[in-house]
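Content type CSV, C-alpha atoms, from the file work_8.csv:
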```csv
chain,number,residue,atom,x,y,z
A,1,MET,CA,23.2,-1.8,-5.8
A,2,LYS,CA,25.2,-3.5,-3.1
A,3,ASN,CA,25.0,-2.2,0.4
A,4,ASP,CA,26.4,-2.8,3.8
A,5,ILE,CA,23.3,-1.9,5.7
A,6,ARG,CA,22.8,-5.3,7.3
A,7,ARG,CA,26.4,-5.5,8.5
A,8,MET,CA,26.4,-2.0,9.8
A,9,ARG,CA,23.0,-2.6,11.6
A,10,THR,CA,24.1,-5.8,13.2
A,11,ASP,CA,27.5,-4.3,14.2
A,12,ARG,CA,25.5,-1.8,16.3
A,13,GLY,CA,23.2,-4.4,17.7
A,14,TRP,CA,20.1,-2.9,16.1
A,15,SER,CA,17.1,-4.9,15.0
A,16,GLN,CA,15.4,-4.1,11.6
A,17,VAL,CA,12.5,-2.6,13.6
A,18,GLN,CA,14.8,-0.3,15.5
A,19,LEU,CA,16.6,0.8,12.3
A,20,GLY,CA,13.2,1.2,10.5
A,21,GLU,CA,11.9,3.4,13.3
A,22,ALA,CA,15.0,5.5,13.3
A,23,LEU,CA,14.7,6.1,9.5
A,24,GLY,CA,11.0,6.5,9.5
A,25,VAL,CA,10.4,3.5,7.2
A,26,SER,CA,8.9,0.1,7.7
A,27,ARG,CA,10.8,-3.0,8.8
A,28,GLN,CA,9.8,-4.6,5.5
A,29,THR,CA,11.6,-1.7,3.7
A,30,ILE,CA,14.7,-2.4,5.8
A,31,ASN,CA,14.5,-6.0,4.9
A,32,ALA,CA,14.1,-5.2,1.2
A,33,LEU,CA,17.1,-2.8,1.4
A,34,GLU,CA,19.3,-5.3,3.1
A,35,SER,CA,18.4,-8.1,0.7
A,36,GLY,CA,19.1,-5.9,-2.3
A,37,ARG,CA,15.5,-6.0,-3.6
A,38,TYR,CA,15.1,-2.2,-3.3
A,39,ASP,CA,17.4,0.8,-3.7
A,40,PRO,CA,16.5,3.8,-1.6
A,41,SER,CA,15.7,7.2,-2.8
A,42,LEU,CA,18.3,9.9,-2.4
A,43,PRO,CA,16.7,11.4,0.7
A,44,LEU,CA,16.5,8.0,2.4
A,45,ALA,CA,20.0,7.2,1.4
A,46,PHE,CA,21.2,10.4,3.1
A,47,ARG,CA,19.2,9.5,6.2
A,48,ILE,CA,20.7,6.1,6.3
A,49,ALA,CA,24.2,7.6,6.0
A,50,GLU,CA,23.5,10.1,8.7
A,51,THR,CA,22.1,7.4,11.0
A,52,PHE,CA,25.2,5.2,10.6
A,53,GLY,CA,27.5,8.2,10.7
A,54,ALA,CA,29.1,7.2,7.4
A,55,ALA,CA,29.3,8.5,3.8
A,56,ILE,CA,26.8,7.2,1.3
A,57,GLU,CA,29.6,5.7,-0.7
A,58,GLU,CA,30.7,3.7,2.2
A,59,ILE,CA,27.3,2.1,2.5
A,60,PHE,CA,26.2,1.8,-1.2
A,61,GLN,CA,28.3,0.4,-4.0
A,62,GLN,CA,27.3,0.3,-7.7
A,63,GLU,CA,27.3,-2.9,-9.5
A,64,PRO,CA,27.7,-3.5,-13.3
A,65,ASP,CA,24.3,-5.1,-13.6
A,66,ASP,CA,22.4,-2.4,-11.7
A,67,ALA,CA,19.0,-1.5,-13.3
A,68,PRO,CA,19.1,1.6,-15.4
A,69,PRO,CA,18.1,4.9,-13.7
A,70,THR,CA,14.8,5.0,-15.6
A,71,GLY,CA,13.8,1.6,-14.2
A,72,GLY,CA,13.6,-1.7,-16.0
A,73,ARG,CA,14.8,-5.1,-15.0
A,74,ARG,CA,18.3,-6.1,-14.1
B,75,MET,CA,14.7,-9.6,22.6
B,76,ALA,CA,16.9,-7.0,20.9
B,77,GLN,CA,19.0,-5.0,23.2
B,78,THR,CA,21.1,-1.9,22.6
B,79,GLY,CA,22.7,-0.6,25.7
B,80,ALA,CA,20.0,0.3,28.1
B,81,MET,CA,17.3,0.0,25.5
B,82,THR,CA,15.4,-3.3,25.4
B,83,MET,CA,12.7,-3.9,22.8
B,84,THR,CA,10.2,-6.6,22.3
B,85,MET,CA,10.8,-8.2,19.0
B,86,THR,CA,7.9,-7.5,16.6
B,87,ASN,CA,7.7,-7.3,12.9
B,88,TYR,CA,6.4,-3.8,12.7
B,89,THR,CA,7.6,-0.5,13.8
B,90,PRO,CA,5.3,1.5,16.1
B,91,ARG,CA,4.8,3.9,13.2
B,92,GLU,CA,3.8,1.1,10.9
B,93,ARG,CA,1.3,-0.3,13.4
B,94,ALA,CA,-0.3,3.1,13.9
B,95,ALA,CA,-0.6,3.7,10.2
B,96,ALA,CA,-2.1,0.2,9.6
B,97,LYS,CA,-4.5,0.7,12.5
B,98,ARG,CA,-5.7,4.0,11.2
B,99,TYR,CA,-6.1,2.8,7.7
B,100,THR,CA,-8.0,-0.3,8.8
B,101,TRP,CA,-10.3,1.8,10.9
B,102,GLU,CA,-10.9,4.4,8.2
B,103,PHE,CA,-11.4,1.8,5.4
B,104,LEU,CA,-13.6,-0.6,7.3
B,105,SER,CA,-15.8,2.1,8.7
B,106,GLY,CA,-16.4,3.2,5.2
B,107,ALA,CA,-17.1,-0.3,4.1
B,108,ALA,CA,-19.5,-0.8,6.9
B,109,ALA,CA,-21.3,2.4,6.1
B,110,PHE,CA,-21.5,1.4,2.5
B,111,LEU,CA,-23.0,-2.0,3.3
B,112,LEU,CA,-25.5,-0.4,5.7
B,113,THR,CA,-26.7,2.2,3.2
B,114,PHE,CA,-26.6,-0.1,0.3
B,115,LEU,CA,-28.7,-2.7,2.0
B,116,LEU,CA,-31.0,-0.7,4.2
B,117,LEU,CA,-31.8,2.4,2.3
B,118,PRO,CA,-33.8,0.7,-0.5
B,119,LEU,CA,-36.0,-0.8,2.2
B,120,TRP,CA,-37.1,2.7,3.3
B,121,THR,CA,-36.9,4.5,0.0
B,122,GLY,CA,-38.7,2.0,-2.2
B,123,PRO,CA,-41.7,4.2,-2.7
B,124,LEU,CA,-39.4,7.0,-4.1
B,125,ARG,CA,-38.1,4.8,-6.9
B,126,GLY,CA,-38.3,6.7,-10.2
B,127,THR,CA,-38.5,10.1,-8.6
B,128,PRO,CA,-35.7,12.7,-8.2
B,129,TRP,CA,-35.4,11.9,-4.5
B,130,GLY,CA,-35.2,8.3,-5.4
B,131,VAL,CA,-32.1,9.1,-7.5
B,132,VAL,CA,-30.6,11.1,-4.6
B,133,PHE,CA,-31.1,8.3,-2.1
B,134,ALA,CA,-29.8,5.7,-4.6
B,135,LEU,CA,-26.5,7.6,-4.7
B,136,VAL,CA,-26.1,8.0,-0.9
B,137,PRO,CA,-23.9,4.8,-0.7
B,138,VAL,CA,-21.4,6.6,-2.9
B,139,LEU,CA,-20.5,8.8,0.1
B,140,PRO,CA,-19.0,6.0,2.2
B,141,VAL,CA,-17.2,4.7,-0.9
B,142,LEU,CA,-15.8,8.2,-1.3
B,143,TRP,CA,-14.6,8.0,2.3
B,144,MET,CA,-12.9,4.7,1.5
B,145,ALA,CA,-11.1,6.2,-1.4
B,146,ILE,CA,-10.0,9.1,0.8
B,147,ALA,CA,-8.8,6.5,3.4
B,148,VAL,CA,-6.7,4.8,0.7
B,149,VAL,CA,-5.2,8.2,-0.4
B,150,ARG,CA,-4.4,9.0,3.2
B,151,HIS,CA,-2.8,5.6,3.6
B,152,VAL,CA,-0.7,6.1,0.5
B,153,ARG,CA,0.6,9.4,1.9
B,154,ARG,CA,1.4,7.8,5.3
B,155,VAL,CA,3.4,4.8,4.2
B,156,ASP,CA,7.1,4.8,3.3
B,157,GLU,CA,8.5,5.1,-0.2
B,158,LEU,CA,8.7,1.4,-0.9
B,159,GLN,CA,5.2,0.7,0.3
B,160,ARG,CA,3.9,3.7,-1.6
B,161,SER,CA,5.6,2.4,-4.8
B,162,LEU,CA,4.1,-1.1,-4.3
B,163,LEU,CA,0.6,0.3,-3.6
B,164,LEU,CA,0.7,2.6,-6.6
B,165,THR,CA,1.9,-0.3,-8.8
B,166,SER,CA,-1.0,-2.5,-7.7
B,167,PHE,CA,-3.5,0.4,-8.2
B,168,ALA,CA,-2.2,0.9,-11.7
B,169,ILE,CA,-2.6,-2.8,-12.6
B,170,GLY,CA,-6.1,-2.9,-10.9
B,171,PHE,CA,-7.1,0.1,-12.9
B,172,GLY,CA,-5.8,-1.4,-16.1
B,173,VAL,CA,-7.7,-4.7,-15.5
B,174,ALA,CA,-10.9,-2.7,-14.7
B,175,MET,CA,-10.6,-0.8,-18.0
B,176,ILE,CA,-10.0,-4.0,-19.9
B,177,ALA,CA,-13.1,-5.5,-18.3
B,178,ALA,CA,-15.1,-2.4,-19.3
B,179,VAL,CA,-13.9,-2.6,-22.9
B,180,ALA,CA,-14.6,-6.3,-23.1
B,181,ILE,CA,-18.1,-5.8,-21.9
B,182,ALA,CA,-18.7,-3.0,-24.3
B,183,LEU,CA,-17.4,-5.1,-27.2
B,184,LEU,CA,-19.6,-7.9,-26.2
B,185,GLY,CA,-22.5,-5.5,-26.4
B,186,THR,CA,-21.7,-4.8,-30.0
B,187,VAL,CA,-22.5,-8.4,-30.8
B,188,ASP,CA,-25.6,-8.4,-28.7
B,189,VAL,CA,-24.1,-10.3,-25.8
B,190,LEU,CA,-25.5,-8.3,-23.0
B,191,ILE,CA,-24.1,-8.7,-19.5
B,192,VAL,CA,-26.5,-8.1,-16.6
B,193,GLY,CA,-25.1,-5.7,-14.1
B,194,PRO,CA,-21.9,-5.0,-16.1
B,195,GLU,CA,-20.7,-2.3,-13.7
B,196,TRP,CA,-20.3,-4.9,-11.0
B,197,TYR,CA,-18.0,-7.0,-13.2
B,198,VAL,CA,-15.8,-4.0,-13.9
B,199,PHE,CA,-15.8,-3.1,-10.2
B,200,GLY,CA,-15.0,-6.7,-9.2
B,201,ALA,CA,-12.3,-7.2,-11.8
B,202,GLY,CA,-10.6,-4.0,-10.7
B,203,MET,CA,-10.8,-4.8,-7.0
B,204,LEU,CA,-9.9,-8.4,-7.3
B,205,SER,CA,-6.8,-7.7,-9.4
B,206,TRP,CA,-5.8,-4.9,-7.1
B,207,GLY,CA,-5.9,-7.3,-4.2
B,208,LEU,CA,-4.1,-10.1,-5.9
B,209,VAL,CA,-1.4,-8.0,-7.4
B,210,SER,CA,-0.8,-6.4,-4.0
B,211,ILE,CA,-0.2,-9.8,-2.5
B,212,VAL,CA,2.0,-11.0,-5.4
B,213,ILE,CA,4.3,-8.0,-5.5
B,214,ALA,CA,4.6,-7.9,-1.7
B,215,ARG,CA,5.8,-11.5,-1.8
B,216,ARG,CA,8.2,-10.8,-4.6
B,217,MET,CA,9.7,-8.1,-2.4
B,218,GLY,CA,10.0,-10.6,0.4
B,219,LEU,CA,7.5,-8.6,2.5
```
Would you mind writing the file's structure down as structure tokens?
Amino acid sequence: MKNDIRRMRTDRGWSQVQLGEALGVSRQTINALESGRYDPSLPLAFRIAETFGAAIEEIFQQEPDDAPPTGGRR
Amino acid sequence: MAQTGAMTMTMTNYTPRERAAAKRYTWEFLSGAAAFLLTFLLLPLWTGPLRGTPWGVVFALVPVLPVLWMAIAVVRHVRRVDELQRSLLLTSFAIGFGVAMIAAVAIALLGTVDVLIVGPEWYVFGAGMLSWGLVSIVIARRMGL
């Protein structure tokens, strides 16, 4: 999925470490989220939305070539 | 330095929570590894005369206790890390387990044609541990970690 996490984070002047600490995840996870290598679980997606004060749909956008829900490669 | 309003943070690559989790895991795992080495290397020096006796069996198995502690340390670490790290850890465990099982089956099959491996259990252990470690590194790099 595409997401706007990096833009929203930098707009607020936060580092990846600061966002990771706020969400209770590692900086590496933030990096993986921002680079599109990892899609968050639903609870984490809700925490991200709450942290940014935005709806999930404003942060995450589906793409036609997203991996199927059961896993697998793109 | 990253600044947000009045908050100034020193730029590091790890959150405080990550550092604490890594420290705890390192301490727990390495203490178990040290205890294993001590018991594995030193106990036979003292319990040699008991070889072949029931107490000899008991003392031979004492090093399993620190290995059990190391396994507990790993489980505790898996429960402490975040969802992505947990997924990567479990993937590497699964592959390490698979490689260990393949090694065990290969050694067993060799035994059917009278090719006997000395200390086969150590090959199984080594194959599993080595593959776990290597896969951990590979998948972490793939994720850009």
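Between atom CA of B:Leu139 and atom CA of B:Gly106 the separation is 8.6 Å.
Using all atoms listed in the file, the smallest distance between any of B:Met217, B:Ala94, B:Val132, B:Leu116 and chain A comes from B:Met217.
Distance check against chain B using only C-alpha atoms: of A:Asp4, A:Asp66, A:Asp11, A:Glu21, the minimum falls on A:Glu21.
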Which residues come within 12 Å of B:Arg91, counting all atoms listed in the file, excluding same-chain residues fewer than 3 positions away, as a compact mmCIF listing (two decimals) with C-alpha atoms, keeping the file's coordinate frame?
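File written: result.txt
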```
# COMPACT_ATOMS: atom_id res chain seq x y z
CA VAL A 17 12.50 -2.60 13.60
CA GLN A 18 14.80 -0.30 15.50
CA GLY A 20 13.20 1.20 10.50
CA GLU A 21 11.90 3.40 13.30
CA ALA A 22 15.00 5.50 13.30
CA LEU A 23 14.70 6.10 9.50
CA GLY A 24 11.00 6.50 9.50
CA VAL A 25 10.40 3.50 7.20
CA SER A 26 8.90 0.10 7.70
CA ARG A 27 10.80 -3.00 8.80
CA ASN B 87 7.70 -7.30 12.90
CA TYR B 88 6.40 -3.80 12.70
CA ALA B 94 -0.30 3.10 13.90
CA ALA B 95 -0.60 3.70 10.20
CA ALA B 96 -2.10 0.20 9.60
CA LYS B 97 -4.50 0.70 12.50
CA ARG B 98 -5.70 4.00 11.20
CA ARG B 154 1.40 7.80 5.30
CA VAL B 155 3.40 4.80 4.20
CA ASP B 156 7.10 4.80 3.30
```
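Picture a line from atom CA of A:Glu58 to atom CA of A:Glu34; it runs 14.6 Å.
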- Message: Quick one: residues within 12 Å of B:Val179, all atoms listed in the file, excluding same-chain residues fewer than 4 positions away - as a VMD selection string?
- Response: chain B and resid 172 to 175 183 to 186 194 to 195 197 to 198
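Put simply, atom CA of B:His151 is 20.9 Å away from atom CA of B:Phe199.
Among B:Leu162, B:Ala109, B:Leu124, B:Val148, the residue with the shortest atom-to-atom distance to B:Arg215, counting all atoms listed in the file, is B:Leu162.
Nearest residue to chain A, choosing from B:Val149, B:Ala201, B:Ala214, B:Leu119 and counting all atoms listed in the file: B:Ala214.
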Distance table requested - stretch 128-211 of chain B against stretch 41-44 of chain A, cut-off 12 Å, all atoms listed in the file: one row per qualifying residue with the closest atom pair and its distance in Å to one decimal, ordered by chain and rising residue number, as CSV.
```
residue,atom,partner,partner_atom,distance
B:Asp156,CA,A:Leu44,CA,10.0
B:Glu157,CA,A:Ser41,CA,7.9
B:Leu158,CA,A:Ser41,CA,9.3
B:Ser161,CA,A:Ser41,CA,11.4
```
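Each of A:Lys2, A:Gln28, A:Ser35, A:Pro40 was checked against A:Phe60 using only C-alpha atoms; the smallest atom-to-atom distance is that of A:Lys2.
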- Distance query stretch 52-54 of chain A at most 12 Å, all atoms listed in the file, self and fewer than 3 positions along chain excluded, as a ChimeraX atom specification: /A:4-12,14,19,22-23,45-49,57-60
- Item | Nearest candidate to chain A (options B:Leu104, B:Gly130, B:Gly207, B:Thr89; using all atoms listed in the file) | B:Thr89
